[in-house]
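Undergrad: My structure is below; once you've seen it, I'll send some questions.
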Amino acid sequence: MLKDITLGQYFPVDSVIHKLDPRFKIIDTLIFIVMLFSGNYIWNLLAGTIFVILVQGLSKIPFRMSVKSIQPIFPVLVFTAILNLAFIDTGETLWSWKFLKITEGGLQTSIFMICRIILLITGSSLLTYTTSPILLTDAIESLLSPLKKIKFPVHEMAMMMSIALRFIPTLIEETDKIMAAQKARGAMLDNGKLLDRVKAMIPILIPLFVSAFRRAEELATAMECRCYQGGEGRTRLRQLQATGKDYCSLTICLLFLIIVILLNCIYN
Amino acid sequence: MENNINNIMIRAEHLWFRYPSDTEISGNATENNWILKDISLKIQKGSFTAILGHNGSGKSTLAKHMNAILIPEKGDLFVAGMNTREEKNLFTIRQKAGMVFQNPDNQIVASIVEEDVAFAPENLGVPPAEIRRRVDDALKAVRMYEYRHHAPSQLSGGQKQRVAIAGVIAMQPDCIILDEPTAMLDPQGRQEVMETILKLNREQGITIILITHYMEEAALAERVVVIDNGEMILDNTPAKVFSQMERMKALGLDVPQVTELAWELNRAGFQISPEILTEPECIAALEKLL
């Protein structure tokens, strides 16, 4: 049951986008987000849509995957739309009933907001769909490395992230075993009131925590045995290497941003 | 030759050890607190030594001294001539004497096999091209090269333990200490791991120190050291150790089944040597007898 959880959202297929340097992909995504929010006009949404469709096509990620990424935020979308409709009262009144009224301004803002959130989620999901969690961790470590100068523990953070990723399947397997063991002792995990079910989690969580601490201690010893001494003087097997394609992707993203800003200036 | 300093991988001299907290709890340092008592031991380079003992005998504690995780309270331990007490030797000792633990899940650091094998050379600051070469060599040595892009969670216990061994080999150690590496494996995985260990010892001349409580595994070694209650009791070839059936039973240790069979036959008056360790040896001896 628990084994079905996918690790991150990585969808491994062979595509141009998959092969890009993860550092560039993160920067590209950031530029995309800036572009989306650089103005409140139709151009932002238009350019955002073109960008998402373009990347979606190049990445060979099935369309249904992107649709799936929006599903969990659906309640947020509805909530934002209602709030915007109800509280913005600029422009002509389109419809009113007692104290409620929907205005042109409200309708426009809520549609813009929904489109923008959808584009934001689908666009940034493409980053996690096309980049494995390990590469993402490497890229974050590399991008944040200037922060080492102000004593920010970049290497330690990346190491923690990669160990966490490594242990997710192990701990899930362990949870399955503990659940089976507690069920065999008569634990009722799947029925009863909500409060009862929450209480029933305690005999699962406590052994899980105890074993996680034991694992952590053994892992620390094993790491010491393999000469781990922090990030200082460490080399890496896998080197991130920027190629022409990476600079190309960066240029395209910057072009999108500049064009959108220019269009916003000219036509408004 | 025997005492040539260059041929000694590990040398323990009157090593005594107890965990510091034990003395604090009991308040007085009685003799019972000692986990290791006056251990003196020399292990030759390129040899294969098994350390036997039942649970709590101190055999794992001794192993942890061999790569400076624990430091003796009294006495000294030298790895390739370096005293484990000296801080500056720490990483050289750990690189020379690699250690493999019981639970493969808790010693694999990375989420891809080849990344994990690369962990130790990365820590040692080896250049990337050299790391690549070492990782490939190490994975081939344990016959896990085809699995280099797999996640550890996709592997069986025996495969994971072989990856852990590859992770140690990638440091290019002179000696590997294995602390009950097969205790959590099924018979298939156990056999895979034992074959790997023997191959490393014979083909690459790596010194092997195997801590175990499986007698069949100890029988494969050149030398067996038996530890009981923190003391070294027996130190001899497997044949000589296991033929002391009554002594072993008294220590709560088993002997390989074939050895026991031969011993029983010998005691019943048959002309068969009790120093038999493997099934083929036993079959040959029985055929001769019949």
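Note on naming: chains are A, B, ... as they come in the structure tokens, residues start from 1 per chain, ligands start from 1 in the order shown.
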So that I can see what lies close to Met82 (chain B), please list as a PyMOL selection string the residues with an atom at most 12 Å from it, counting only C-alpha atoms and leaving out residues fewer than 3 positions away in the same chain.
TA: chain B and resi 5-6+8-12+66-68+76-79+85-94+96-97
Undergrad: What residues in chain A have any atom no more than 7 Å from chain B when counting only C-alpha atoms, and can you write them as number ranges by chain?
TA: A: 162-163, 166, 169-170, 215, 218-219, 222, 225-229, 233-237
Undergrad: Near Lys288 (chain B), within 10 Å and counting only C-alpha atoms, which residues show up once chain neighbours fewer than 5 positions away are dropped, as a list in words?
TA: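 Final neighbour list, sorted by chain and number: Gln271, Ile272, Cys282 and Ile283 of chain B.
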Undergrad: Calculated over only C-alpha atoms, which of the candidates A:Val198, A:Val154, A:Leu94, A:Leu100 has the smallest distance to Ile82 (chain A)?
TA: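 Of the candidates, the smallest distance to Ile82 (chain A) is held by A:Leu100.
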Undergrad: Taking 6 positions as the minimum chain separation for residues in the same chain, which residues sit within 10 Å of Ile27 (chain A) when counting only C-alpha atoms? Answer as a list in words.
TA: Ile33, Leu143, Ser249, Leu250 and Cys253 of chain A
Undergrad: Can you tell me, as a PyMOL selection string, what residues are no more than 12 Å from Leu265 (chain B) when counting only C-alpha atoms, ignoring any on the same chain fewer than 4 positions away?
TA: chain B and resi 258-261+269-276+282+285-286+289
Undergrad: What would the file look like if the residues just selected were written as a short mmCIF file (atom, residue, chain, number, x, y, z; two decimals), in the first residue's frame with N, CA and C atoms?
TA:
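Contents of selection.cif, as written:
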data_model
loop_
_atom_site.label_atom_id
_atom_site.label_comp_id
_atom_site.auth_asym_id
_atom_site.auth_seq_id
_atom_site.Cartn_x
_atom_site.Cartn_y
_atom_site.Cartn_z
N VAL B 258 29.98 -31.16 9.80
CA VAL B 258 30.83 -32.28 9.35
C VAL B 258 31.93 -32.56 10.36
N THR B 259 32.44 -31.47 11.00
CA THR B 259 33.47 -31.65 12.01
C THR B 259 32.91 -32.45 13.18
N GLU B 260 31.68 -32.11 13.53
CA GLU B 260 31.06 -32.80 14.66
C GLU B 260 30.86 -34.28 14.33
N LEU B 261 30.44 -34.54 13.09
CA LEU B 261 30.24 -35.92 12.65
C LEU B 261 31.54 -36.69 12.75
N GLY B 269 35.46 -44.81 17.80
CA GLY B 269 36.49 -45.77 17.50
C GLY B 269 36.86 -45.92 16.05
N PHE B 270 36.28 -45.12 15.17
CA PHE B 270 36.64 -45.20 13.76
C PHE B 270 37.93 -44.45 13.49
N GLN B 271 38.62 -44.88 12.46
CA GLN B 271 39.88 -44.22 12.09
C GLN B 271 39.61 -43.01 11.20
N ILE B 272 39.19 -41.93 11.79
CA ILE B 272 38.92 -40.72 11.01
C ILE B 272 39.42 -39.52 11.80
N SER B 273 40.05 -38.61 11.06
CA SER B 273 40.60 -37.42 11.73
C SER B 273 39.48 -36.48 12.14
N PRO B 274 39.50 -35.96 13.34
CA PRO B 274 38.47 -34.99 13.73
C PRO B 274 38.72 -33.60 13.14
N GLU B 275 39.83 -33.43 12.44
CA GLU B 275 40.13 -32.11 11.88
C GLU B 275 39.57 -31.96 10.46
N ILE B 276 38.27 -32.17 10.36
CA ILE B 276 37.62 -32.06 9.05
C ILE B 276 36.70 -30.84 9.06
N CYS B 282 35.05 -34.35 4.17
CA CYS B 282 34.36 -35.36 4.96
C CYS B 282 34.00 -36.56 4.09
N ALA B 285 37.06 -38.56 3.35
CA ALA B 285 37.50 -39.32 4.52
C ALA B 285 36.60 -40.53 4.76
N LEU B 286 35.29 -40.32 4.57
CA LEU B 286 34.35 -41.41 4.79
C LEU B 286 34.53 -42.51 3.75
N LEU B 289 37.38 -44.57 4.62
CA LEU B 289 37.05 -45.39 5.77
C LEU B 289 36.26 -46.62 5.36
#
Undergrad: Report as a PyMOL selection string all protein, DNA and RNA residues lying within 12 Å of Met201 (chain A), evaluated on only C-alpha atoms, omitting residues in the same chain fewer than 6 positions from it.
TA: chain A and resi 175+178-179+182-183+187-191+194-195+207-208
Undergrad: Export N, CA, C and O atoms of the chosen residues as a PDB file, in the first residue's frame?
TA:
ATOM      1  N   THR A 175       7.789   0.888   7.897  1.00  0.00           N
ATOM      2  CA  THR A 175       6.443   1.221   8.368  1.00  0.00           C
ATOM      3  C   THR A 175       5.476   0.088   8.024  1.00  0.00           C
ATOM      4  O   THR A 175       4.665  -0.320   8.861  1.00  0.00           O
ATOM      5  N   ILE A 178       6.043  -2.726  10.490  1.00  0.00           N
ATOM      6  CA  ILE A 178       5.530  -2.428  11.829  1.00  0.00           C
ATOM      7  C   ILE A 178       4.007  -2.503  11.832  1.00  0.00           C
ATOM      8  O   ILE A 178       3.400  -3.071  12.743  1.00  0.00           O
ATOM      9  N   MET A 179       3.388  -1.974  10.762  1.00  0.00           N
ATOM     10  CA  MET A 179       1.924  -2.019  10.685  1.00  0.00           C
ATOM     11  C   MET A 179       1.437  -3.459  10.678  1.00  0.00           C
ATOM     12  O   MET A 179       0.500  -3.804  11.401  1.00  0.00           O
ATOM     13  N   GLN A 182       1.816  -4.847  14.173  1.00  0.00           N
ATOM     14  CA  GLN A 182       0.826  -4.361  15.133  1.00  0.00           C
ATOM     15  C   GLN A 182      -0.564  -4.936  14.829  1.00  0.00           C
ATOM     16  O   GLN A 182      -1.329  -5.215  15.734  1.00  0.00           O
ATOM     17  N   LYS A 183      -0.838  -5.106  13.515  1.00  0.00           N
ATOM     18  CA  LYS A 183      -2.122  -5.714  13.162  1.00  0.00           C
ATOM     19  C   LYS A 183      -2.182  -7.147  13.673  1.00  0.00           C
ATOM     20  O   LYS A 183      -3.211  -7.603  14.160  1.00  0.00           O
ATOM     21  N   ALA A 187      -4.063  -4.748  16.564  1.00  0.00           N
ATOM     22  CA  ALA A 187      -4.278  -3.303  16.433  1.00  0.00           C
ATOM     23  C   ALA A 187      -5.311  -3.041  15.354  1.00  0.00           C
ATOM     24  O   ALA A 187      -5.305  -3.686  14.313  1.00  0.00           O
ATOM     25  N   MET A 188      -6.248  -2.089  15.629  1.00  0.00           N
ATOM     26  CA  MET A 188      -7.261  -1.733  14.638  1.00  0.00           C
ATOM     27  C   MET A 188      -6.814  -0.454  13.972  1.00  0.00           C
ATOM     28  O   MET A 188      -6.933   0.625  14.547  1.00  0.00           O
ATOM     29  N   LEU A 189      -6.275  -0.568  12.749  1.00  0.00           N
ATOM     30  CA  LEU A 189      -5.714   0.611  12.110  1.00  0.00           C
ATOM     31  C   LEU A 189      -6.663   1.229  11.102  1.00  0.00           C
ATOM     32  O   LEU A 189      -6.609   2.408  10.829  1.00  0.00           O
ATOM     33  N   ASP A 190      -7.542   0.399  10.519  1.00  0.00           N
ATOM     34  CA  ASP A 190      -8.297   0.881   9.368  1.00  0.00           C
ATOM     35  C   ASP A 190      -9.728   1.254   9.686  1.00  0.00           C
ATOM     36  O   ASP A 190     -10.458   1.722   8.834  1.00  0.00           O
ATOM     37  N   ASN A 191     -10.172   1.013  10.923  1.00  0.00           N
ATOM     38  CA  ASN A 191     -11.551   1.401  11.197  1.00  0.00           C
ATOM     39  C   ASN A 191     -11.641   2.147  12.516  1.00  0.00           C
ATOM     40  O   ASN A 191     -10.657   2.343  13.212  1.00  0.00           O
ATOM     41  N   LEU A 194     -12.192   8.937  13.646  1.00  0.00           N
ATOM     42  CA  LEU A 194     -10.947   9.609  13.271  1.00  0.00           C
ATOM     43  C   LEU A 194      -9.976   9.646  14.443  1.00  0.00           C
ATOM     44  O   LEU A 194      -8.800   9.302  14.322  1.00  0.00           O
ATOM     45  N   LEU A 195     -10.486  10.020  15.620  1.00  0.00           N
ATOM     46  CA  LEU A 195      -9.631  10.132  16.799  1.00  0.00           C
ATOM     47  C   LEU A 195      -9.010   8.784  17.152  1.00  0.00           C
ATOM     48  O   LEU A 195      -7.823   8.688  17.483  1.00  0.00           O
ATOM     49  N   PRO A 207       7.781   2.847  17.441  1.00  0.00           N
ATOM     50  CA  PRO A 207       8.855   1.942  16.967  1.00  0.00           C
ATOM     51  C   PRO A 207       9.589   2.490  15.745  1.00  0.00           C
ATOM     52  O   PRO A 207      10.798   2.296  15.608  1.00  0.00           O
ATOM     53  N   LEU A 208       8.849   3.211  14.890  1.00  0.00           N
ATOM     54  CA  LEU A 208       9.469   3.755  13.692  1.00  0.00           C
ATOM     55  C   LEU A 208      10.540   4.791  14.066  1.00  0.00           C
ATOM     56  O   LEU A 208      11.652   4.783  13.530  1.00  0.00           O
TER      57      LEU A 208
END
Undergrad: Using only C-alpha atoms, which protein or nucleic acid residues come within 9 Å of region 106-121 of chain A? Drop anything in the same chain fewer than 6 positions from it, and give the result as a VMD selection string.
TA: chain A and resid 32 to 33 36 to 37 40 to 42 44 to 45 48 to 49 52 66 69 to 70 73 77 to 78 80 to 91
Undergrad: Where in region 10-152 of chain A does DSSP assign strand (DSSP E), given as an mmCIF file with C-alpha atoms, in the first residue's frame?
TA:
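Writing the result to states_35.cif gives the following:
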data_model
loop_
_atom_site.group_PDB
_atom_site.id
_atom_site.type_symbol
_atom_site.label_atom_id
_atom_site.label_comp_id
_atom_site.auth_asym_id
_atom_site.auth_seq_id
_atom_site.Cartn_x
_atom_site.Cartn_y
_atom_site.Cartn_z
ATOM 1 C CA THR A 93 -21.477 45.760 -11.963
ATOM 2 C CA LEU A 94 -22.414 42.635 -13.872
ATOM 3 C CA TRP A 95 -24.679 40.933 -11.383
ATOM 4 C CA SER A 96 -25.885 41.712 -7.897
ATOM 5 C CA TRP A 97 -28.040 40.114 -5.244
ATOM 6 C CA LEU A 100 -23.307 40.490 -3.068
ATOM 7 C CA LYS A 101 -22.200 41.890 -6.412
ATOM 8 C CA ILE A 102 -19.897 40.723 -9.148
ATOM 9 C CA THR A 103 -18.014 43.399 -11.035
#
Undergrad: Please extract the residues of region 28-151 of chain B with a backbone DSSP assignment of helix (DSSP H, G or I) and present them as a ChimeraX atom specification.
TA: /B:31-33,59-65,87-96,104-106,113-123,128-141,145-147
